[in-house]
Each structure stands twice: as C-alpha cells, then as structure tokens.
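Shown next: data23.pdb, containing PDB, C-alpha atoms and all ligand atoms.
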ATOM      1  CA  MET H1078      17.064 109.898 157.172  1.00  0.00           C
ATOM      2  CA  HIS H1079      16.595 109.036 160.795  1.00  0.00           C
ATOM      3  CA  MET H1080      16.804 111.934 163.243  1.00  0.00           C
ATOM      4  CA  HIS H1081      17.212 111.606 166.934  1.00  0.00           C
ATOM      5  CA  LYS H1082      14.408 113.209 168.946  1.00  0.00           C
ATOM      6  CA  LEU H1083      16.810 115.443 170.860  1.00  0.00           C
ATOM      7  CA  GLU H1084      18.445 116.559 167.618  1.00  0.00           C
ATOM      8  CA  LYS H1085      15.041 117.594 166.279  1.00  0.00           C
ATOM      9  CA  ILE H1086      14.261 119.628 169.388  1.00  0.00           C
ATOM     10  CA  TRP H1087      17.561 121.491 169.112  1.00  0.00           C
ATOM     11  CA  LEU H1088      17.005 122.132 165.430  1.00  0.00           C
ATOM     12  CA  ILE H1089      13.565 123.653 166.118  1.00  0.00           C
ATOM     13  CA  PHE H1090      15.014 125.650 169.017  1.00  0.00           C
ATOM     14  CA  GLY H1091      17.771 126.986 166.770  1.00  0.00           C
ATOM     15  CA  ILE H1092      15.402 128.023 163.990  1.00  0.00           C
ATOM     16  CA  SER H1093      13.051 129.700 166.497  1.00  0.00           C
ATOM     17  CA  CYS H1094      15.911 131.706 167.948  1.00  0.00           C
ATOM     18  CA  LEU H1095      16.899 132.865 164.484  1.00  0.00           C
ATOM     19  CA  VAL H1096      13.319 133.914 163.678  1.00  0.00           C
ATOM     20  CA  ILE H1097      12.978 135.825 166.975  1.00  0.00           C
ATOM     21  CA  PHE H1098      16.342 137.509 166.446  1.00  0.00           C
ATOM     22  CA  LEU H1099      15.489 138.619 162.909  1.00  0.00           C
ATOM     23  CA  THR H1100      12.074 139.893 164.041  1.00  0.00           C
ATOM     24  CA  VAL H1101      13.620 141.960 166.841  1.00  0.00           C
ATOM     25  CA  VAL H1102      16.243 143.426 164.510  1.00  0.00           C
ATOM     26  CA  GLY H1103      13.684 144.124 161.781  1.00  0.00           C
ATOM     27  CA  VAL H1104      11.116 145.732 164.075  1.00  0.00           C
ATOM     28  CA  SER H1105      13.589 147.911 165.969  1.00  0.00           C
ATOM     29  CA  ALA H1106      15.193 149.092 162.730  1.00  0.00           C
ATOM     30  CA  PHE H1107      11.898 150.335 161.321  1.00  0.00           C
ATOM     31  CA  TYR H1108       9.926 151.091 164.475  1.00  0.00           C
ATOM     32  CA  LEU H1109      11.296 154.616 164.944  1.00  0.00           C
ATOM     33  CA  GLY H1110      11.537 155.260 161.233  1.00  0.00           C
ATOM     34  CA  ASN H1111      14.708 156.279 159.519  1.00  0.00           C
ATOM     35  CA  LYS H1112      15.042 159.968 160.296  1.00  0.00           C
ATOM     36  CA  PRO H1113      18.069 162.240 160.139  1.00  0.00           C
ATOM     37  CA  PRO H1114      19.500 163.012 163.611  1.00  0.00           C
ATOM     38  CA  SER H1115      18.487 166.669 163.387  1.00  0.00           C
ATOM     39  CA  CYS H1116      14.805 165.667 163.201  1.00  0.00           C
ATOM     40  CA  LEU H1117      14.259 163.824 166.471  1.00  0.00           C
ATOM     41  CA  THR H1118      11.692 166.196 167.933  1.00  0.00           C
ATOM     42  CA  THR H1119       8.159 166.130 166.633  1.00  0.00           C
ATOM     43  CA  VAL H1120       5.366 168.651 166.195  1.00  0.00           C
ATOM     44  CA  ASN H1121       1.855 168.432 164.770  1.00  0.00           C
ATOM     45  CA  PRO H1122       2.110 170.099 161.331  1.00  0.00           C
ATOM     46  CA  GLU H1123      -1.572 171.109 161.426  1.00  0.00           C
ATOM     47  CA  THR H1124      -1.262 173.161 164.596  1.00  0.00           C
ATOM     48  CA  VAL H1125       2.304 174.384 164.043  1.00  0.00           C
ATOM     49  CA  GLY H1126       1.128 178.032 164.023  1.00  0.00           C
ATOM     50  CA  GLN H1127      -0.199 177.755 167.598  1.00  0.00           C
ATOM     51  CA  GLU H1128       2.645 175.744 169.042  1.00  0.00           C
ATOM     52  CA  LYS H1129       5.773 177.031 170.709  1.00  0.00           C
ATOM     53  CA  PRO H1130       8.171 178.191 169.384  1.00  0.00           C
ATOM     54  CA  PHE H1131       6.489 178.280 165.966  1.00  0.00           C
ATOM     55  CA  ASN H1132       3.740 180.652 167.082  1.00  0.00           C
ATOM     56  CA  GLU H1133       6.440 183.332 167.067  1.00  0.00           C
ATOM     57  CA  PRO H1134       8.754 182.889 164.079  1.00  0.00           C
ATOM     58  CA  GLY H1135      11.839 185.093 164.004  1.00  0.00           C
ATOM     59  CA  LEU H1136      14.876 185.869 166.118  1.00  0.00           C
ATOM     60  CA  HIS H1137      14.613 185.651 169.903  1.00  0.00           C
ATOM     61  CA  LYS H1138      17.275 186.383 172.522  1.00  0.00           C
ATOM     62  CA  VAL H1139      17.555 183.563 175.051  1.00  0.00           C
ATOM     63  CA  ASP H1140      19.249 183.332 178.441  1.00  0.00           C
ATOM     64  CA  GLY H1141      20.950 180.467 180.215  1.00  0.00           C
ATOM     65  CA  LYS H1142      21.483 178.367 177.127  1.00  0.00           C
ATOM     66  CA  ALA H1143      24.579 177.371 175.189  1.00  0.00           C
ATOM     67  CA  TRP H1144      23.459 179.732 172.415  1.00  0.00           C
ATOM     68  CA  ASP H1145      22.494 183.437 172.479  1.00  0.00           C
ATOM     69  CA  TYR H1146      19.559 183.477 170.091  1.00  0.00           C
ATOM     70  CA  GLU H1147      16.934 181.173 168.686  1.00  0.00           C
ATOM     71  CA  LEU H1148      15.931 181.741 165.094  1.00  0.00           C
ATOM     72  CA  VAL H1149      12.566 180.139 164.387  1.00  0.00           C
ATOM     73  CA  TYR H1150      11.273 179.394 160.883  1.00  0.00           C
ATOM     74  CA  VAL H1151       8.052 177.977 159.522  1.00  0.00           C
ATOM     75  CA  ALA H1152       8.205 176.845 155.917  1.00  0.00           C
ATOM     76  CA  SER H1153       5.177 176.319 153.703  1.00  0.00           C
ATOM     77  CA  ALA H1154       4.529 176.146 149.985  1.00  0.00           C
ATOM     78  CA  PHE H1155       6.113 178.454 148.827  1.00  0.00           C
ATOM     79  CA  SER H1156       7.684 180.684 151.444  1.00  0.00           C
ATOM     80  CA  TYR H1157       9.525 180.896 154.734  1.00  0.00           C
ATOM     81  CA  THR H1158       8.325 182.857 157.740  1.00  0.00           C
ATOM     82  CA  PRO H1159      10.036 185.204 158.516  1.00  0.00           C
ATOM     83  CA  ALA H1160      10.972 186.332 155.012  1.00  0.00           C
ATOM     84  CA  GLN H1161      13.883 188.392 156.309  1.00  0.00           C
ATOM     85  CA  VAL H1162      15.764 188.638 159.556  1.00  0.00           C
ATOM     86  CA  GLU H1163      18.698 190.562 161.015  1.00  0.00           C
ATOM     87  CA  VAL H1164      21.283 188.702 163.089  1.00  0.00           C
ATOM     88  CA  PRO H1165      24.038 190.462 165.052  1.00  0.00           C
ATOM     89  CA  LEU H1166      27.544 189.550 163.878  1.00  0.00           C
ATOM     90  CA  GLY H1167      29.160 186.890 166.060  1.00  0.00           C
ATOM     91  CA  ALA H1168      25.910 185.674 167.567  1.00  0.00           C
ATOM     92  CA  LYS H1169      25.609 181.994 168.412  1.00  0.00           C
ATOM     93  CA  VAL H1170      22.253 181.016 167.019  1.00  0.00           C
ATOM     94  CA  LYS H1171      20.143 177.902 167.210  1.00  0.00           C
ATOM     95  CA  VAL H1172      18.055 177.666 164.061  1.00  0.00           C
ATOM     96  CA  ILE H1173      14.772 175.840 164.709  1.00  0.00           C
ATOM     97  CA  ALA H1174      12.615 175.067 161.692  1.00  0.00           C
ATOM     98  CA  THR H1175       9.686 173.004 160.553  1.00  0.00           C
ATOM     99  CA  THR H1176       7.184 172.848 157.690  1.00  0.00           C
ATOM    100  CA  LYS H1177       3.407 173.192 157.663  1.00  0.00           C
ATOM    101  CA  ASP H1178       2.787 171.117 154.579  1.00  0.00           C
ATOM    102  CA  VAL H1179       5.226 169.193 152.403  1.00  0.00           C
ATOM    103  CA  ILE H1180       8.955 168.493 152.600  1.00  0.00           C
ATOM    104  CA  HIS H1181      11.053 171.601 152.029  1.00  0.00           C
ATOM    105  CA  GLY H1182      14.751 172.235 152.055  1.00  0.00           C
ATOM    106  CA  PHE H1183      16.532 174.794 154.210  1.00  0.00           C
ATOM    107  CA  GLU H1184      19.909 175.663 152.834  1.00  0.00           C
ATOM    108  CA  VAL H1185      21.666 178.856 153.840  1.00  0.00           C
ATOM    109  CA  ALA H1186      23.936 179.578 150.916  1.00  0.00           C
ATOM    110  CA  GLY H1187      27.522 180.330 151.926  1.00  0.00           C
ATOM    111  CA  THR H1188      27.211 178.610 155.343  1.00  0.00           C
ATOM    112  CA  ASN H1189      27.135 174.985 156.427  1.00  0.00           C
ATOM    113  CA  ILE H1190      23.440 175.104 157.314  1.00  0.00           C
ATOM    114  CA  ASN H1191      21.648 172.610 155.125  1.00  0.00           C
ATOM    115  CA  MET H1192      18.604 170.875 156.566  1.00  0.00           C
ATOM    116  CA  MET H1193      15.599 169.000 155.320  1.00  0.00           C
ATOM    117  CA  LEU H1194      12.271 170.099 156.776  1.00  0.00           C
ATOM    118  CA  GLU H1195       9.766 167.299 157.121  1.00  0.00           C
ATOM    119  CA  PRO H1196       6.140 167.742 158.198  1.00  0.00           C
ATOM    120  CA  GLY H1197       5.827 166.659 161.817  1.00  0.00           C
ATOM    121  CA  TYR H1198       9.510 167.038 162.589  1.00  0.00           C
ATOM    122  CA  ILE H1199      11.611 169.861 163.973  1.00  0.00           C
ATOM    123  CA  SER H1200      15.008 170.466 162.389  1.00  0.00           C
ATOM    124  CA  GLU H1201      17.651 172.240 164.419  1.00  0.00           C
ATOM    125  CA  TYR H1202      21.122 173.540 163.788  1.00  0.00           C
ATOM    126  CA  THR H1203      23.329 175.642 166.036  1.00  0.00           C
ATOM    127  CA  THR H1204      25.906 177.888 164.444  1.00  0.00           C
ATOM    128  CA  THR H1205      27.792 181.140 164.916  1.00  0.00           C
ATOM    129  CA  PHE H1206      27.285 183.819 162.308  1.00  0.00           C
ATOM    130  CA  ASP H1207      30.817 185.175 162.103  1.00  0.00           C
ATOM    131  CA  LYS H1208      30.649 186.670 158.624  1.00  0.00           C
ATOM    132  CA  ALA H1209      28.786 189.893 157.975  1.00  0.00           C
ATOM    133  CA  GLY H1210      26.596 190.154 154.912  1.00  0.00           C
ATOM    134  CA  GLU H1211      23.491 188.836 153.283  1.00  0.00           C
ATOM    135  CA  PHE H1212      22.740 185.128 153.240  1.00  0.00           C
ATOM    136  CA  LEU H1213      20.043 183.570 151.168  1.00  0.00           C
ATOM    137  CA  ILE H1214      17.935 180.688 152.455  1.00  0.00           C
ATOM    138  CA  VAL H1215      16.851 178.478 149.596  1.00  0.00           C
ATOM    139  CA  CYS H1216      14.707 175.391 149.240  1.00  0.00           C
ATOM    140  CA  ASN H1217      16.661 172.480 147.823  1.00  0.00           C
ATOM    141  CA  GLU H1218      13.894 169.879 147.915  1.00  0.00           C
ATOM    142  CA  TYR H1219      11.472 169.961 145.011  1.00  0.00           C
ATOM    143  CA  CYS H1220       8.129 170.898 146.587  1.00  0.00           C
ATOM    144  CA  GLY H1221       5.882 171.927 143.704  1.00  0.00           C
ATOM    145  CA  ALA H1222       5.202 174.662 141.167  1.00  0.00           C
ATOM    146  CA  GLY H1223       6.599 177.486 143.320  1.00  0.00           C
ATOM    147  CA  HIS H1224       9.694 175.619 144.487  1.00  0.00           C
ATOM    148  CA  HIS H1225      12.133 177.984 142.803  1.00  0.00           C
ATOM    149  CA  LEU H1226      10.349 180.997 144.339  1.00  0.00           C
ATOM    150  CA  MET H1227      10.978 179.895 147.903  1.00  0.00           C
ATOM    151  CA  PHE H1228      13.569 181.975 149.675  1.00  0.00           C
ATOM    152  CA  SER H1229      14.278 184.045 152.748  1.00  0.00           C
ATOM    153  CA  LYS H1230      17.121 186.332 153.762  1.00  0.00           C
ATOM    154  CA  ILE H1231      19.440 186.479 156.762  1.00  0.00           C
ATOM    155  CA  GLU H1232      21.317 189.731 157.206  1.00  0.00           C
ATOM    156  CA  VAL H1233      24.309 189.459 159.493  1.00  0.00           C
ATOM    157  CA  VAL H1234      24.988 192.971 160.768  1.00  0.00           C
ATOM    158  CA  LYS H1235      27.622 194.645 162.940  1.00  0.00           C
TER
HETATM  159 CU1  LIG H1301      10.062 174.291 149.164  1.00  0.00          CU
HETATM  160 CU2  LIG H1301      11.184 173.459 147.218  1.00  0.00          CU
END
In structure tokens, how does this file's structure come out?
Amino acid sequence: MHMHKLEKIWLIFGISCLVIFLTVVGVSAFYLGNKPPSCLTTVNPETVGQEKPFNEPGLHKVDGKAWDYELVYVASAFSYTPAQVEVPLGAKVKVIATTKDVIHGFEVAGTNINMMLEPGYISEYTTTFDKAGEFLIVCNEYCGAGHHLMFSKIEVVK
C-alpha cells in the first residue's frame, strides 16, 4: 500500500501524542500513590515518638481552631497510646493518629470514626462526642499475633 509522506508524518504524530498522553495519565495516577484522603500528611514512622504531636499522645485543649481538643494516638503492635482517655461530653475533637510499625485499624465502636493507620501517614478525623459513655477503640486490620488484643478506651464524661 502506498502512503503519502504527509500522511505518514501525521500518523506518527498521532501515535506519539497518544503515547505521551497515556504516559502522563499513568505517571500522575501512580506518582502520589493511592492513599485515602484522611492520610495526606506524612511522618517518619521511625521517629514518630519524637515528632509533634506524637511526642505527647493524649488529649490536648487547643485554642483558635475549629475544634476544641486534639486527641493524639500512636498505634504499635499490639497497643494504642494512650490506653485510656477521658473526653468531656460535647467536645469537638480532632483525632490525630499514626502507627509506628505496621498497618493498624482505628475503629471507635458506636461512632463513625473508622480509620486505617498506615506507617508514614497521619490519619485525622474531627468529630463531636455528644454521647456520654465508654467507647472502645479496636483494630480492624489484621496486624499479627496480638491483633485481637489491641484496644483502647475513650470515656465521654459530663
Ligand atoms: Cu493492630 Cu490489628
């Protein structure tokens, strides 16, 4: 089949454009990784214990923010720090959590807090504790032999 020179040039141009387009789409889709939206901030899992706010796990009152308290957790196989915390009823709390080692879950039973903690990433969730009582934090990602022993408690008090 005879092909005109100009036709050939356009064909090559067209194929090149397609290749460039697919490369751009492919690279940008995987470049940032596929992470849940709650895990956009990063932290070095090896120095988590020295880094703010994870050097001070627990409940902290904050000023000038859209929430009243920050509740900081560090998960590791097979526990959460802190193991128990008291939260005043009605408090608007930003939960900030990460893990030192492997992937752990962070589900607060009876609330809509359900996060995945990934090493190197910070998971956050802002909520108002408007029900008094005891809430159990459980790990819902299999993380090893002690997986079922991982828990922590939030006590919402008046
Ligand atoms: Cu931690 Cu399962």
Contacts between ligand LIG 1301 (chain H) and chain H, please, where a residue of chain H counts if it comes within 6 Å (with only C-alpha atoms and all ligand atoms); show its shortest atom pair and distance in Å to one decimal, rows by chain and ascending number, as JSON lines.
{"residue": "H:Ala1154", "atom": "CA", "partner": "H:LIG1301", "partner_atom": "CU1", "distance": 5.9}
{"residue": "H:Phe1155", "atom": "CA", "partner": "H:LIG1301", "partner_atom": "CU1", "distance": 5.7}
{"residue": "H:His1181", "atom": "CA", "partner": "H:LIG1301", "partner_atom": "CU1", "distance": 4.1}
{"residue": "H:Gly1182", "atom": "CA", "partner": "H:LIG1301", "partner_atom": "CU1", "distance": 5.9}
{"residue": "H:Cys1216", "atom": "CA", "partner": "H:LIG1301", "partner_atom": "CU2", "distance": 4.5}
{"residue": "H:Asn1217", "atom": "CA", "partner": "H:LIG1301", "partner_atom": "CU2", "distance": 5.6}
{"residue": "H:Glu1218", "atom": "CA", "partner": "H:LIG1301", "partner_atom": "CU2", "distance": 4.5}
{"residue": "H:Tyr1219", "atom": "CA", "partner": "H:LIG1301", "partner_atom": "CU2", "distance": 4.1}
{"residue": "H:Cys1220", "atom": "CA", "partner": "H:LIG1301", "partner_atom": "CU2", "distance": 4.0}
{"residue": "H:His1224", "atom": "CA", "partner": "H:LIG1301", "partner_atom": "CU2", "distance": 3.8}
{"residue": "H:Met1227", "atom": "CA", "partner": "H:LIG1301", "partner_atom": "CU1", "distance": 5.8}
Store the residues of this selection in a file with C-alpha atoms, as an mmCIF file, in the frame of the given file.
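To be explicit, this is the file written out as result_5.cif:
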data_model
loop_
_atom_site.group_PDB
_atom_site.id
_atom_site.type_symbol
_atom_site.label_atom_id
_atom_site.label_comp_id
_atom_site.auth_asym_id
_atom_site.auth_seq_id
_atom_site.Cartn_x
_atom_site.Cartn_y
_atom_site.Cartn_z
ATOM 1 C CA ALA H 1154 4.529 176.146 149.985
ATOM 2 C CA PHE H 1155 6.113 178.454 148.827
ATOM 3 C CA HIS H 1181 11.053 171.601 152.029
ATOM 4 C CA GLY H 1182 14.751 172.235 152.055
ATOM 5 C CA CYS H 1216 14.707 175.391 149.240
ATOM 6 C CA ASN H 1217 16.661 172.480 147.823
ATOM 7 C CA GLU H 1218 13.894 169.879 147.915
ATOM 8 C CA TYR H 1219 11.472 169.961 145.011
ATOM 9 C CA CYS H 1220 8.129 170.898 146.587
ATOM 10 C CA HIS H 1224 9.694 175.619 144.487
ATOM 11 C CA MET H 1227 10.978 179.895 147.903
#
With all atoms listed in the file as the basis for distance, which of H:Thr1176, H:Thr1100, H:Thr1158, H:Thr1188 is at the shortest distance from H:Asn1121? H:Thr1176
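Between atom CA of H:Glu1201 and atom CA of H:Val1139 there is a distance of 15.5 Å.
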Convert the output of the PyMOL selection byres (((chain H and resi 1230) around 12) and not hetatm) on the shown file into explicit residues, formatted as an NGL selection string. :H and (1135 or 1150 or 1156-1164 or 1183-1186 or 1210-1215 or 1227-1229 or 1231-1233)
Any idea what the distance is between atom CA of H:Met1192 and atom CA of H:Asp1140? 25.2 Å
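Residue neighbourhood of stretch 1170-1175 of chain H, excluding near-sequence residues (fewer than 5 positions): Trp1144, Asp1145, Tyr1146, Glu1147, Leu1148, Val1149, Tyr1150, Val1151, Ala1152, Leu1194, Glu1195, Pro1196, Gly1197, Tyr1198, Ile1199, Ser1200, Glu1201, Tyr1202, Thr1203, Thr1204, Thr1205 and Phe1206 of chain H, at 8 Å, using all atoms listed in the file.
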Missing atoms in stretch 1126-1156 of chain H: can you complete it with N, CA and C atoms, as an mmCIF file, in the frame of the given file?
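Full text of rebuild-v2.cif as output:
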data_model
loop_
_atom_site.group_PDB
_atom_site.id
_atom_site.type_symbol
_atom_site.label_atom_id
_atom_site.label_comp_id
_atom_site.auth_asym_id
_atom_site.auth_seq_id
_atom_site.Cartn_x
_atom_site.Cartn_y
_atom_site.Cartn_z
ATOM 1 N N GLY H 1126 1.277 176.598 163.803
ATOM 2 C CA GLY H 1126 1.128 178.032 164.023
ATOM 3 C C GLY H 1126 0.770 178.402 165.449
ATOM 4 N N GLN H 1127 0.186 177.468 166.212
ATOM 5 C CA GLN H 1127 -0.199 177.755 167.598
ATOM 6 C C GLN H 1127 0.818 177.220 168.592
ATOM 7 N N GLU H 1128 1.735 176.400 168.102
ATOM 8 C CA GLU H 1128 2.645 175.744 169.042
ATOM 9 C C GLU H 1128 3.972 176.455 169.187
ATOM 10 N N LYS H 1129 4.472 176.453 170.429
ATOM 11 C CA LYS H 1129 5.773 177.031 170.709
ATOM 12 C C LYS H 1129 6.861 176.187 170.071
ATOM 13 N N PRO H 1130 7.925 176.756 169.540
ATOM 14 C CA PRO H 1130 8.171 178.191 169.384
ATOM 15 C C PRO H 1130 7.618 178.732 168.073
ATOM 16 N N PHE H 1131 6.880 177.904 167.336
ATOM 17 C CA PHE H 1131 6.489 178.280 165.966
ATOM 18 C C PHE H 1131 5.359 179.301 165.901
ATOM 19 N N ASN H 1132 4.752 179.602 167.062
ATOM 20 C CA ASN H 1132 3.740 180.652 167.082
ATOM 21 C C ASN H 1132 4.397 182.031 166.979
ATOM 22 N N GLU H 1133 5.719 182.065 167.204
ATOM 23 C CA GLU H 1133 6.440 183.332 167.067
ATOM 24 C C GLU H 1133 7.706 183.140 166.237
ATOM 25 N N PRO H 1134 7.560 183.054 164.924
ATOM 26 C CA PRO H 1134 8.754 182.889 164.079
ATOM 27 C C PRO H 1134 9.623 184.141 164.152
ATOM 28 N N GLY H 1135 10.924 183.952 163.963
ATOM 29 C CA GLY H 1135 11.839 185.093 164.004
ATOM 30 C C GLY H 1135 12.958 184.867 164.997
ATOM 31 N N LEU H 1136 13.705 185.942 165.248
ATOM 32 C CA LEU H 1136 14.876 185.869 166.118
ATOM 33 C C LEU H 1136 14.511 186.235 167.556
ATOM 34 N N HIS H 1137 14.898 185.392 168.490
ATOM 35 C CA HIS H 1137 14.613 185.651 169.903
ATOM 36 C C HIS H 1137 15.881 185.495 170.728
ATOM 37 N N LYS H 1138 16.138 186.460 171.601
ATOM 38 C CA LYS H 1138 17.275 186.383 172.522
ATOM 39 C C LYS H 1138 16.901 185.404 173.629
ATOM 40 N N VAL H 1139 17.832 184.508 173.969
ATOM 41 C CA VAL H 1139 17.555 183.563 175.051
ATOM 42 C C VAL H 1139 18.648 183.653 176.119
ATOM 43 N N ASP H 1140 18.287 183.298 177.338
ATOM 44 C CA ASP H 1140 19.249 183.332 178.441
ATOM 45 C C ASP H 1140 19.462 181.926 179.001
ATOM 46 N N GLY H 1141 20.662 181.719 179.523
ATOM 47 C CA GLY H 1141 20.950 180.467 180.215
ATOM 48 C C GLY H 1141 21.073 179.262 179.309
ATOM 49 N N LYS H 1142 21.299 179.476 178.048
ATOM 50 C CA LYS H 1142 21.483 178.367 177.127
ATOM 51 C C LYS H 1142 22.869 178.444 176.498
ATOM 52 N N ALA H 1143 23.252 177.408 175.804
ATOM 53 C CA ALA H 1143 24.579 177.371 175.189
ATOM 54 C C ALA H 1143 24.633 178.237 173.931
ATOM 55 N N TRP H 1144 23.505 178.821 173.573
ATOM 56 C CA TRP H 1144 23.459 179.732 172.415
ATOM 57 C C TRP H 1144 22.770 181.027 172.841
ATOM 58 N N ASP H 1145 23.011 182.120 172.082
ATOM 59 C CA ASP H 1145 22.494 183.437 172.479
ATOM 60 C C ASP H 1145 21.098 183.736 171.931
ATOM 61 N N TYR H 1146 20.829 183.180 170.758
ATOM 62 C CA TYR H 1146 19.559 183.477 170.091
ATOM 63 C C TYR H 1146 18.928 182.195 169.557
ATOM 64 N N GLU H 1147 17.625 182.233 169.412
ATOM 65 C CA GLU H 1147 16.934 181.173 168.686
ATOM 66 C C GLU H 1147 16.250 181.811 167.488
ATOM 67 N N LEU H 1148 16.481 181.211 166.333
ATOM 68 C CA LEU H 1148 15.931 181.741 165.094
ATOM 69 C C LEU H 1148 14.923 180.712 164.568
ATOM 70 N N VAL H 1149 13.646 181.086 164.660
ATOM 71 C CA VAL H 1149 12.566 180.139 164.387
ATOM 72 C C VAL H 1149 11.964 180.377 162.998
ATOM 73 N N TYR H 1150 11.832 179.311 162.230
ATOM 74 C CA TYR H 1150 11.273 179.394 160.883
ATOM 75 C C TYR H 1150 10.128 178.414 160.701
ATOM 76 N N VAL H 1151 9.107 178.870 159.976
ATOM 77 C CA VAL H 1151 8.052 177.977 159.522
ATOM 78 C C VAL H 1151 8.042 178.041 158.003
ATOM 79 N N ALA H 1152 8.226 176.897 157.372
ATOM 80 C CA ALA H 1152 8.205 176.845 155.917
ATOM 81 C C ALA H 1152 6.849 176.327 155.463
ATOM 82 N N SER H 1153 6.386 176.843 154.323
ATOM 83 C CA SER H 1153 5.177 176.319 153.703
ATOM 84 C C SER H 1153 5.286 176.603 152.218
ATOM 85 N N ALA H 1154 4.472 175.938 151.425
ATOM 86 C CA ALA H 1154 4.529 176.146 149.985
ATOM 87 C C ALA H 1154 3.965 177.535 149.682
ATOM 88 N N PHE H 1155 4.711 178.504 149.201
ATOM 89 C CA PHE H 1155 6.113 178.454 148.827
ATOM 90 C C PHE H 1155 6.861 179.624 149.453
ATOM 91 N N SER H 1156 6.976 179.602 150.764
ATOM 92 C CA SER H 1156 7.684 180.684 151.444
ATOM 93 C C SER H 1156 8.205 180.240 152.802
#
